[in-house]
Amino acid sequence: MSVPRKSSAATRERLLRAAERCFADHGYEGSSLRRITRQAGVNLAGVNYHFSSKRELWLEMMLRRLNPLNAERVRMLQAARVATPAGRPIPLEKVCEAMFLPIAHEFDDGRGSCDILARLAGNAVNVPQSLSKELNRRCLEQIWRLFHTAVRDALPDVPASEIDWKFYFLMSSMIGAMAWQGRQPVIDRGVSCNLESMMQRLAVFVSGGLRANPPAGKFMSRA
């Protein structure tokens, strides 16, 4: 009885690995199930059995990457909270480190995972909106709320609407840095492709931006 289970698990793993490469190389729209199953060496019935659709295959592929990443983010944020004196908020640098550094720990493994991550991040912004919303619902909304709260607590005098902007730019900086990893313009000759070094610098950079506030009345507010 164990052989079919092992065979089924191996088939599922091959499909996930092939899907990761295909979605990284060709994006969601450019990756057909036939292309993925051909690369995995699995027939089309296999993907239908394990995932039911390309949509579910993409979601499972992303969840497999994001769930361990988010668990490490929570662990680091909790550790920072314990290390912070009672009654004081977690410093912004520590909040940003907890958000960014697990990316390096999870993906900078010397086996090309960093490059795949960069391309997945670049392509993920172009998936159908319903798909990104479902990914948020399944694994991202809680983690974003947790970090949004940490940023808000660290900036108690900043209006809620401005905190939303700051968190939006925090997330945009992270996604942009990942998407551009290894593909910086040629003028940036001094930029290292070491992912951990980049994330450490990004934490410092974003922390400074979070503390900066626009002059009163500088920007129009929408009614």
# chains A, B, ... in the order shown; residues from 1 in each chain; ligands from 1
>>> select_by_dssp(residues="chain A", states="alpha helix (DSSP H)", output="ChimeraX atom specification")
/A:2-26,33-40,44-51,54-83,92-107,113-124,129-135,141-154,160-179,195-211
>>> residues_around(residues="stretch 14-16 of chain A", least_positions_apart="6", cutoff="9 Å", atoms="only C-alpha atoms", output="PDB file with N, CA, C and O atoms, in the first residue's frame")
ATOM      1  N   ILE A  36       3.515  22.434 -18.479  1.00  0.00           N
ATOM      2  CA  ILE A  36       3.936  22.024 -17.138  1.00  0.00           C
ATOM      3  C   ILE A  36       4.028  20.507 -17.026  1.00  0.00           C
ATOM      4  O   ILE A  36       5.014  19.970 -16.507  1.00  0.00           O
ATOM      5  N   THR A  37       3.012  19.808 -17.507  1.00  0.00           N
ATOM      6  CA  THR A  37       3.027  18.347 -17.392  1.00  0.00           C
ATOM      7  C   THR A  37       4.124  17.737 -18.262  1.00  0.00           C
ATOM      8  O   THR A  37       4.739  16.735 -17.882  1.00  0.00           O
ATOM      9  N   GLN A  39       7.024  19.132 -18.898  1.00  0.00           N
ATOM     10  CA  GLN A  39       8.278  19.351 -18.185  1.00  0.00           C
ATOM     11  C   GLN A  39       8.392  18.433 -16.966  1.00  0.00           C
ATOM     12  O   GLN A  39       9.489  18.003 -16.598  1.00  0.00           O
ATOM     13  N   ALA A  40       7.248  18.127 -16.348  1.00  0.00           N
ATOM     14  CA  ALA A  40       7.256  17.249 -15.171  1.00  0.00           C
ATOM     15  C   ALA A  40       7.320  15.773 -15.542  1.00  0.00           C
ATOM     16  O   ALA A  40       7.606  14.937 -14.683  1.00  0.00           O
ATOM     17  N   GLY A  41       7.064  15.464 -16.811  1.00  0.00           N
ATOM     18  CA  GLY A  41       7.019  14.061 -17.214  1.00  0.00           C
ATOM     19  C   GLY A  41       5.796  13.352 -16.677  1.00  0.00           C
ATOM     20  O   GLY A  41       5.843  12.160 -16.333  1.00  0.00           O
ATOM     21  N   VAL A  42       4.689  14.090 -16.579  1.00  0.00           N
ATOM     22  CA  VAL A  42       3.443  13.562 -16.018  1.00  0.00           C
ATOM     23  C   VAL A  42       2.328  13.817 -17.025  1.00  0.00           C
ATOM     24  O   VAL A  42       2.345  14.834 -17.730  1.00  0.00           O
ATOM     25  N   GLY A  46      -2.700  13.595 -14.344  1.00  0.00           N
ATOM     26  CA  GLY A  46      -2.005  13.732 -13.062  1.00  0.00           C
ATOM     27  C   GLY A  46      -2.244  15.085 -12.422  1.00  0.00           C
ATOM     28  O   GLY A  46      -2.507  15.189 -11.224  1.00  0.00           O
ATOM     29  N   VAL A  47      -2.171  16.158 -13.224  1.00  0.00           N
ATOM     30  CA  VAL A  47      -2.380  17.490 -12.662  1.00  0.00           C
ATOM     31  C   VAL A  47      -3.844  17.684 -12.278  1.00  0.00           C
ATOM     32  O   VAL A  47      -4.159  18.330 -11.270  1.00  0.00           O
ATOM     33  N   HIS A  50      -4.296  15.843  -8.848  1.00  0.00           N
ATOM     34  CA  HIS A  50      -3.659  16.444  -7.682  1.00  0.00           C
ATOM     35  C   HIS A  50      -4.119  17.876  -7.409  1.00  0.00           C
ATOM     36  O   HIS A  50      -4.174  18.298  -6.252  1.00  0.00           O
ATOM     37  N   LEU A  57      -3.090  24.787  -8.997  1.00  0.00           N
ATOM     38  CA  LEU A  57      -1.668  24.434  -9.044  1.00  0.00           C
ATOM     39  C   LEU A  57      -0.820  25.666  -8.709  1.00  0.00           C
ATOM     40  O   LEU A  57       0.140  25.572  -7.932  1.00  0.00           O
ATOM     41  N   TRP A  58      -1.156  26.824  -9.283  1.00  0.00           N
ATOM     42  CA  TRP A  58      -0.413  28.051  -8.979  1.00  0.00           C
ATOM     43  C   TRP A  58      -0.519  28.399  -7.498  1.00  0.00           C
ATOM     44  O   TRP A  58       0.475  28.744  -6.848  1.00  0.00           O
ATOM     45  N   GLU A  60      -1.170  26.396  -4.932  1.00  0.00           N
ATOM     46  CA  GLU A  60      -0.421  25.441  -4.113  1.00  0.00           C
ATOM     47  C   GLU A  60       1.079  25.686  -4.215  1.00  0.00           C
ATOM     48  O   GLU A  60       1.811  25.562  -3.228  1.00  0.00           O
ATOM     49  N   MET A  61       1.551  26.019  -5.407  1.00  0.00           N
ATOM     50  CA  MET A  61       2.969  26.322  -5.585  1.00  0.00           C
ATOM     51  C   MET A  61       3.371  27.528  -4.733  1.00  0.00           C
ATOM     52  O   MET A  61       4.405  27.522  -4.051  1.00  0.00           O
ATOM     53  N   ARG A  64       3.268  26.730  -0.929  1.00  0.00           N
ATOM     54  CA  ARG A  64       4.414  25.921  -0.507  1.00  0.00           C
ATOM     55  C   ARG A  64       5.625  26.800  -0.214  1.00  0.00           C
ATOM     56  O   ARG A  64       6.421  26.503   0.682  1.00  0.00           O
TER      57      ARG A  64
END
>>> residues_around(residues="stretch 201-217 of chain A", least_positions_apart="4", cutoff="8 Å", atoms="only C-alpha atoms", output="number ranges by chain")
A: 92-93, 96-97, 100, 155, 166, 170, 173-174, 197
>>> closest_residue(among="A:Thr11, A:Asn194, A:Thr149, A:Gln78", to="A:Phe51", atoms="only C-alpha atoms")
A:Thr11
>>> atom_distance(atom1="atom CA of A:Arg21", atom2="atom CA of A:Ala179")
15.2 Å
>>> atom_distance(atom1="atom CA of A:Arg73", atom2="atom CA of A:Ala118")
18.7 Å
>>> residues_around(residues="A:Pro89", least_positions_apart="4", cutoff="10 Å", atoms="only C-alpha atoms", output="PyMOL selection string")
chain A and resi 80-81+84-85+95+150-156
>>> atom_distance(atom1="atom CA of A:Gln142", atom2="atom CA of A:Arg88")
22.6 Å
>>> residues_around(residues="A:Val125", least_positions_apart="3", cutoff="12 Å", atoms="only C-alpha atoms", output="list in words")
Ala24, Gly27, Tyr28, Glu29, Ala118, Arg119, Leu120, Ala121, Gly122, Pro128, Gln129, Ser130, Leu131, Ser132, Lys133, Leu135, Ser172, Ile175, Gly176, Met178 and Ala179 of chain A
>>> closest_residue(among="A:Lys94, A:Glu134, A:Trp144, A:Glu106", to="A:Val82", atoms="only C-alpha atoms")
A:Lys94
>>> closest_residue(among="A:Ala86, A:Ile116, A:Ile163, A:Val74", to="A:Leu101", atoms="only C-alpha atoms")
A:Val74
